[in-house]
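Structure file upload-v5.cif (mmCIF, C-alpha atoms) follows.
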data_coords
loop_
_atom_site.label_atom_id
_atom_site.label_comp_id
_atom_site.auth_asym_id
_atom_site.auth_seq_id
_atom_site.Cartn_x
_atom_site.Cartn_y
_atom_site.Cartn_z
CA MET A 121 96.28 128.29 132.20
CA THR A 122 93.96 125.48 133.10
CA MET A 123 93.08 123.56 130.00
CA PRO A 124 91.27 120.25 130.37
CA SER A 125 93.63 117.38 130.95
CA ALA A 126 94.70 115.01 128.17
CA THR A 127 93.93 112.09 130.44
CA ALA A 128 90.32 112.94 131.06
CA PRO A 129 88.16 109.94 132.09
CA SER A 130 86.22 110.08 128.81
CA HIS A 131 89.47 109.80 126.84
CA ARG A 132 90.72 106.97 129.02
CA SER A 133 87.57 104.91 128.66
CA ARG A 134 87.46 105.56 124.91
CA ASP A 135 91.10 104.48 124.60
CA LEU A 136 90.38 101.34 126.60
CA ARG A 137 87.35 100.48 124.46
CA MET A 138 89.30 101.04 121.26
CA ALA A 139 92.27 98.95 122.45
CA LEU A 140 89.94 96.12 123.50
CA ALA A 141 88.12 96.27 120.17
CA PHE A 142 91.38 96.06 118.22
CA ALA A 143 92.66 93.24 120.45
CA ALA A 144 89.43 91.31 119.90
CA THR A 145 89.66 91.89 116.14
CA ILE A 146 93.28 90.70 116.01
CA PHE A 147 92.32 87.62 118.01
CA ALA A 148 89.35 86.94 115.73
CA VAL A 149 91.41 87.35 112.56
CA THR A 150 94.18 84.98 113.69
CA LEU A 151 91.67 82.46 115.00
CA GLY A 152 89.63 82.76 111.80
CA ALA A 153 92.69 82.21 109.63
CA ARG A 154 93.59 79.10 111.66
CA TRP A 155 90.08 77.69 111.43
CA ALA A 156 89.96 78.43 107.73
CA SER A 157 93.13 76.40 107.16
CA VAL A 158 91.74 73.55 109.30
CA LEU A 159 88.52 73.58 107.28
CA GLY A 160 90.48 73.55 104.04
CA VAL A 161 89.59 77.05 102.92
CA ALA A 162 92.32 78.27 100.58
CA LEU A 163 93.81 81.44 101.99
CA PRO A 164 97.16 82.95 101.01
CA ASP A 165 99.97 81.79 103.29
CA ASP A 166 100.65 85.32 104.46
CA PHE A 167 97.00 86.25 104.94
CA ALA A 168 97.12 86.35 108.74
CA ALA A 169 100.37 88.29 108.83
CA ARG A 170 99.11 90.81 106.29
CA ALA A 171 95.82 91.19 108.13
CA LEU A 172 97.65 91.79 111.40
CA MET A 173 99.86 94.43 109.80
CA ALA A 174 96.86 96.13 108.27
CA LEU A 175 95.11 96.10 111.65
CA SER A 176 98.22 97.51 113.29
CA GLY A 177 98.21 100.28 110.70
CA LEU A 178 94.54 100.98 111.36
CA TYR A 179 95.21 101.12 115.09
CA LEU A 180 98.05 103.56 114.48
CA MET A 181 95.74 105.70 112.35
CA ALA A 182 92.99 105.66 114.97
CA THR A 183 95.43 106.55 117.73
CA GLY A 184 97.11 109.28 115.73
CA ASN A 185 93.78 110.74 114.68
CA SER A 186 92.85 111.46 118.26
CA ILE A 187 96.21 112.85 119.40
CA PRO A 188 95.59 116.51 118.43
CA LYS A 189 92.11 116.32 119.92
CA ARG A 190 93.55 115.81 123.39
CA LEU A 191 94.11 119.03 125.19
CA VAL A 192 97.28 119.10 127.18
CA PRO A 193 97.24 121.40 130.17
CA ALA A 194 99.55 123.99 128.64
CA SER A 195 100.52 125.42 132.02
CA ALA A 196 102.09 122.11 132.92
CA TRP A 197 104.42 122.22 129.95
CA GLY A 198 106.11 125.52 130.66
CA SER A 199 106.05 126.03 126.92
CA SER A 200 103.91 128.21 124.71
CA PRO A 201 100.52 126.61 124.05
CA ALA A 202 100.99 127.26 120.34
CA ARG A 203 104.13 125.12 120.24
CA VAL A 204 102.47 122.34 122.20
CA GLN A 205 99.51 122.45 119.84
CA ALA A 206 101.82 122.34 116.81
CA PHE A 207 103.63 119.34 118.31
CA LEU A 208 100.36 117.48 118.90
CA ARG A 209 99.21 118.17 115.33
CA PHE A 210 102.53 117.01 113.93
CA SER A 211 102.45 113.82 116.04
CA GLY A 212 98.89 113.05 115.02
CA TRP A 213 99.54 113.55 111.31
CA THR A 214 102.75 111.49 111.51
CA TRP A 215 101.01 108.53 113.15
CA VAL A 216 98.06 108.66 110.78
CA LEU A 217 100.26 108.77 107.68
CA ALA A 218 102.50 106.01 109.05
CA GLY A 219 99.45 103.85 109.74
CA PHE A 220 98.08 104.58 106.29
CA ALA A 221 101.39 103.54 104.75
CA LEU A 222 101.27 100.27 106.69
CA VAL A 223 97.71 99.55 105.56
CA LEU A 224 98.55 100.32 101.93
CA ALA A 225 101.75 98.28 102.04
CA SER A 226 100.08 95.26 103.63
CA ALA A 227 97.34 95.37 101.00
CA ALA A 228 99.39 95.95 97.88
CA LEU A 229 103.06 95.07 98.27
CA PRO A 230 104.83 91.69 98.24
CA PHE A 231 105.24 90.38 101.77
CA GLY A 232 108.99 90.93 101.88
CA LEU A 233 108.49 94.57 101.03
CA VAL A 234 105.74 94.89 103.63
CA THR A 235 108.23 93.93 106.31
CA LEU A 236 110.73 96.40 104.89
CA VAL A 237 108.15 99.19 104.83
CA THR A 238 107.11 98.39 108.40
CA LEU A 239 110.70 98.40 109.61
CA THR A 240 111.30 101.71 107.84
CA VAL A 241 108.11 103.64 108.44
CA LEU A 242 107.61 102.88 112.13
CA PRO A 243 111.10 103.80 113.36
CA ALA A 244 111.12 106.84 111.08
CA SER A 245 107.81 108.01 112.57
CA ILE A 246 109.05 107.50 116.10
CA LEU A 247 112.27 109.39 115.33
CA LEU A 248 110.37 112.26 113.72
CA VAL A 249 108.05 112.66 116.69
CA ALA A 250 110.99 112.34 119.10
CA TRP A 251 112.86 115.01 117.13
CA ARG A 252 109.91 117.39 117.43
CA TRP A 253 109.60 116.52 121.11
CA ALA A 254 113.27 117.33 121.60
CA GLY A 255 112.67 120.67 119.90
CA LEU A 256 109.94 121.34 122.41
CA ALA A 257 112.03 120.32 125.41
CA PRO A 258 114.19 123.46 125.91
CA ALA A 259 111.06 125.49 126.53
CA GLN A 260 109.96 123.14 129.29
CA ALA A 261 111.93 124.82 132.02
CA PRO A 262 110.26 124.48 135.42
CA ARG A 263 107.89 127.31 136.14
CA ALA A 264 108.94 129.68 138.86
CA MET B 267 79.76 114.10 112.28
CA ASN B 268 76.88 116.23 111.01
CA ARG B 269 77.81 118.87 113.56
CA VAL B 270 81.37 118.90 112.22
CA PHE B 271 80.18 119.34 108.63
CA LYS B 272 77.77 122.07 109.71
CA ALA B 273 80.54 123.84 111.58
CA LEU B 274 82.93 123.61 108.64
CA SER B 275 80.36 124.79 106.13
CA ASP B 276 80.65 128.41 107.18
CA PRO B 277 83.64 130.46 105.96
CA THR B 278 83.76 132.54 109.13
CA ARG B 279 84.00 129.46 111.31
CA ARG B 280 86.65 128.00 109.02
CA ARG B 281 88.59 131.24 109.35
CA VAL B 282 88.30 131.03 113.14
CA LEU B 283 89.75 127.52 113.04
CA GLN B 284 92.57 128.72 110.79
CA LEU B 285 93.41 131.49 113.23
CA LEU B 286 93.38 129.05 116.12
CA ARG B 287 95.92 126.87 114.30
CA GLU B 288 98.48 129.49 115.34
CA GLY B 289 97.64 128.94 118.98
CA PRO B 290 94.98 129.76 121.57
CA ARG B 291 93.33 133.17 121.33
CA SER B 292 90.82 135.09 123.33
CA ALA B 293 87.29 135.61 122.09
CA GLY B 294 87.96 139.32 121.74
CA GLU B 295 91.05 138.79 119.61
CA LEU B 296 89.17 136.44 117.33
CA SER B 297 86.21 138.81 117.04
CA ASP B 298 88.54 141.64 116.07
CA GLU B 299 89.47 139.75 112.92
CA PHE B 300 85.92 139.88 111.57
CA ASP B 301 83.44 142.60 110.68
CA VAL B 302 80.59 140.88 112.45
CA SER B 303 78.86 141.65 115.70
CA LYS B 304 79.91 140.06 118.98
CA PRO B 305 76.64 138.09 119.32
CA THR B 306 77.16 136.67 115.83
CA MET B 307 80.69 135.65 116.73
CA SER B 308 79.40 134.09 119.94
CA ALA B 309 76.97 132.05 117.88
CA HIS B 310 79.82 130.89 115.65
CA PHE B 311 81.85 129.94 118.73
CA ALA B 312 78.87 128.02 120.08
CA VAL B 313 78.58 125.99 116.87
CA LEU B 314 82.29 125.19 116.95
CA LEU B 315 82.08 124.21 120.62
CA GLU B 316 79.06 122.01 119.95
CA ALA B 317 80.97 120.24 117.19
CA ASP B 318 83.88 119.77 119.64
CA LEU B 319 86.26 121.49 117.25
CA ILE B 320 87.41 124.06 119.78
CA ALA B 321 87.63 124.20 123.56
CA ALA B 322 86.92 127.21 125.73
CA ASP B 323 88.80 128.08 128.88
CA LYS B 324 87.41 130.86 131.01
CA GLN B 325 90.04 132.85 132.84
CA GLY B 326 88.45 135.57 134.87
CA ARG B 327 86.45 137.61 132.38
CA THR B 328 88.38 136.33 129.38
CA ILE B 329 87.40 133.31 127.34
CA LEU B 330 90.39 131.65 125.72
CA TYR B 331 89.67 129.37 122.76
CA GLN B 332 91.94 126.50 121.76
CA LEU B 333 91.86 124.30 118.68
CA LYS B 334 90.58 120.77 119.21
CA LEU B 335 90.74 119.16 115.77
CA SER B 336 91.44 115.50 115.14
CA VAL B 337 93.58 114.68 112.11
CA LEU B 338 90.48 113.74 110.14
CA GLU B 339 88.74 116.99 111.07
CA ASP B 340 91.92 118.87 110.20
CA ALA B 341 91.92 117.24 106.77
CA LEU B 342 88.21 118.02 106.33
CA LEU B 343 88.93 121.64 107.19
CA GLY B 344 91.64 121.69 104.54
CA PHE B 345 89.27 120.23 101.96
CA ALA B 346 86.49 122.62 102.90
CA GLN B 347 88.91 125.53 102.76
CA THR B 348 90.13 124.48 99.32
CA LEU B 349 86.75 123.69 97.83
CA GLY B 350 84.64 126.33 99.58
CA SER B 351 86.49 129.40 98.44
CA ARG B 352 83.29 131.34 97.75
CA GLY B 353 81.82 133.50 100.45
CA SER B 354 85.03 134.22 102.30
CA PRO B 355 84.43 136.18 105.50
CA ARG B 356 84.80 139.94 105.53
CA ARG B 357 87.76 140.98 107.58
CA SER B 358 88.31 144.20 109.35
CA ARG B 359 92.06 143.94 108.85
CA PRO B 360 92.85 142.19 105.56
CA ALA B 361 96.60 142.72 105.83
CA ARG B 362 96.74 141.07 109.24
CA ALA B 363 94.36 138.31 108.23
CA SER B 364 96.39 137.43 105.17
CA SER B 365 99.54 136.87 107.20
CA LEU B 366 99.09 134.08 109.67
CA GLY B 367 102.14 134.87 111.75
CA PRO B 368 102.17 134.28 115.48
CA ARG B 369 100.46 136.82 117.60
CA PRO B 370 100.84 137.25 121.35
CA ILE B 371 97.79 136.55 123.45
CA ARG B 372 96.45 139.62 125.16
CA ARG B 373 94.57 139.08 128.38
CA GLU B 374 91.61 141.28 127.77
CA SER B 375 88.12 141.25 129.10
CA ARG B 376 86.22 141.09 125.86
CA ALA B 377 84.22 137.90 125.53
#
As structure tokens, how would this structure be written, given the file I've shared?
Amino acid sequence: MTMPSATAPSHRSRDLRMALAFAATIFAVTLGARWASVLGVALPDDFAARALMALSGLYLMATGNSIPKRLVPASAWGSSPARVQAFLRFSGWTWVLAGFALVLASAALPFGLVTLVTLTVLPASILLVAWRWAGLAPAQAPRA
Amino acid sequence: MNRVFKALSDPTRRRVLQLLREGPRSAGELSDEFDVSKPTMSAHFAVLLEADLIAADKQGRTILYQLKLSVLEDALLGFAQTLGSRGSPRRSRPARASSLGPRPIRRESRA
């Protein structure tokens, strides 16, 4: 089967644009927070850290949202296309929900709990996706 | 985004997307699930392709369709499916359509 590749040029350029946009936003937020403190604007002490966590969550959501949209060349996997598709959907939903949890936590929880949520949600998401990946692996025998 | 909403507004197209959640299927297999003509189904496929919700892969004389939904579009499909229960598509095989179990892909020449 010859499905379009997941690393098509359009995807790569879109990923690059999105990463640059998020990097610029993170830079602007940290710089803005610093300038605000220099100018005497009263911001919460943890404003920059919370904003960065929220941005990280948004980035995770944006990345996860596009995961199932990328078509993996199923022939290259040696697995059934349905299983690959299910894995991509699971990964996408996991990243989006993890990012959403980070955004919510950074907006609503005390800062100590935000760190706890981050340290819980992110590794748990990675482990979940890795577990599904491992379930996919036995079907990836090299094609004859 | 308008194209996505337009594509999801039709129960037949939503049903096509649901069927493709199980895995890629040929155009003929998908058409067999509905009591509509082949040209009508082709028009539905065209709308879904235009909205970038599915991808088509031509293999010889067979067109294989694969789901191409982002998480947001997937969620929208779920909402549309829940809220837009009226006007569900007529199915030629209700028993088969009600059970969404996996189905092997047949390489056939219907497009």
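Matched in the shown structure by the PyMOL selection byres ((chain B and resi 336-340) around 7): Asn185, Ser186, Ile187, Pro188, Lys189, Gly212 and Trp213 of chain A; Lys334, Leu335, Ala341, Leu342, Leu343 and Gly344 of chain B.
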Saved selection, atoms kept: C-alpha atoms, as a PDB file, keeping the file's coordinate frame:
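Generated file (part-v2.pdb):
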ATOM      1  CA  ASN A 185      93.780 110.740 114.680  1.00  0.00           C
ATOM      2  CA  SER A 186      92.850 111.460 118.260  1.00  0.00           C
ATOM      3  CA  ILE A 187      96.210 112.850 119.400  1.00  0.00           C
ATOM      4  CA  PRO A 188      95.590 116.510 118.430  1.00  0.00           C
ATOM      5  CA  LYS A 189      92.110 116.320 119.920  1.00  0.00           C
ATOM      6  CA  GLY A 212      98.890 113.050 115.020  1.00  0.00           C
ATOM      7  CA  TRP A 213      99.540 113.550 111.310  1.00  0.00           C
TER       8      TRP A 213
ATOM      9  CA  LYS B 334      90.580 120.770 119.210  1.00  0.00           C
ATOM     10  CA  LEU B 335      90.740 119.160 115.770  1.00  0.00           C
ATOM     11  CA  ALA B 341      91.920 117.240 106.770  1.00  0.00           C
ATOM     12  CA  LEU B 342      88.210 118.020 106.330  1.00  0.00           C
ATOM     13  CA  LEU B 343      88.930 121.640 107.190  1.00  0.00           C
ATOM     14  CA  GLY B 344      91.640 121.690 104.540  1.00  0.00           C
TER      15      GLY B 344
END
Evaluate the PyMOL selection byres ((chain B) within 10 of (chain A)) and report residues as a PyMOL selection string:
chain B and resi 286-291+318-325+330-341+368-369
If you measure from CA of Asp165 in chain A to CA of Leu178 in chain A, what distance in Å do you get, rounded to one decimal?
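Spanning CA of Asp165 in chain A to CA of Leu178 in chain A is a straight-line distance of 21.5 Å.
Selection result for the displayed file, with the PyMOL selection byres ((chain A and resi 150) around 12) as criterion, is Ala143, Ala144, Thr145, Ile146, Phe147, Ala148, Val149, Leu151, Gly152, Ala153, Arg154, Trp155, Ala156, Ser157, Asp166, Phe167, Ala168, Ala169, Arg170, Ala171, Leu172, Met173 and Leu175 of chain A.
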In Å, with one decimal, what is the gap from CA of Phe300 in chain B to CA of Arg281 in chain B?
9.3 Å
Could you please determine the separation between CA of Ala174 in chain A and CA of Val234 in chain A in Å, to one decimal place?
10.1 Å
Which residue, B:Gln347, B:Ser275, B:Asn268, B:Thr306, has the smallest gap to Ala293 in chain B when you use all atoms listed in the file?
B:Thr306
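Closest approach to Leu314 in chain B among B:Leu274, B:Leu296, B:Leu285, B:Val302: B:Leu274, based on only C-alpha atoms.
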Which residue out of B:Thr328, B:Val313, B:Ser292, B:Ser308 has the minimum interatomic distance to Ala273 in chain B when only C-alpha atoms are used?
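Smallest distance to Ala273 in chain B is found for B:Val313.
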Range 216-229 of chain A, all listed atoms, 3 Å padding on each side: what axis-aligned box centre and edge lengths in Å to one decimal come out, as AutoDock Vina command-line options?
--center_x 100.2 --center_y 101.9 --center_z 104.3 --size_x 11.7 --size_y 19.7 --size_z 18.9
Determine, counting all atoms listed in the file, which protein, DNA and RNA residues have an atom within 12 Å of an atom of Thr238 in chain A; residues of the same chain fewer than 5 positions away are not included. Present the result as a ChimeraX atom specification.
/A:170,172-174,176-177,218-226,229,231-233,243-245
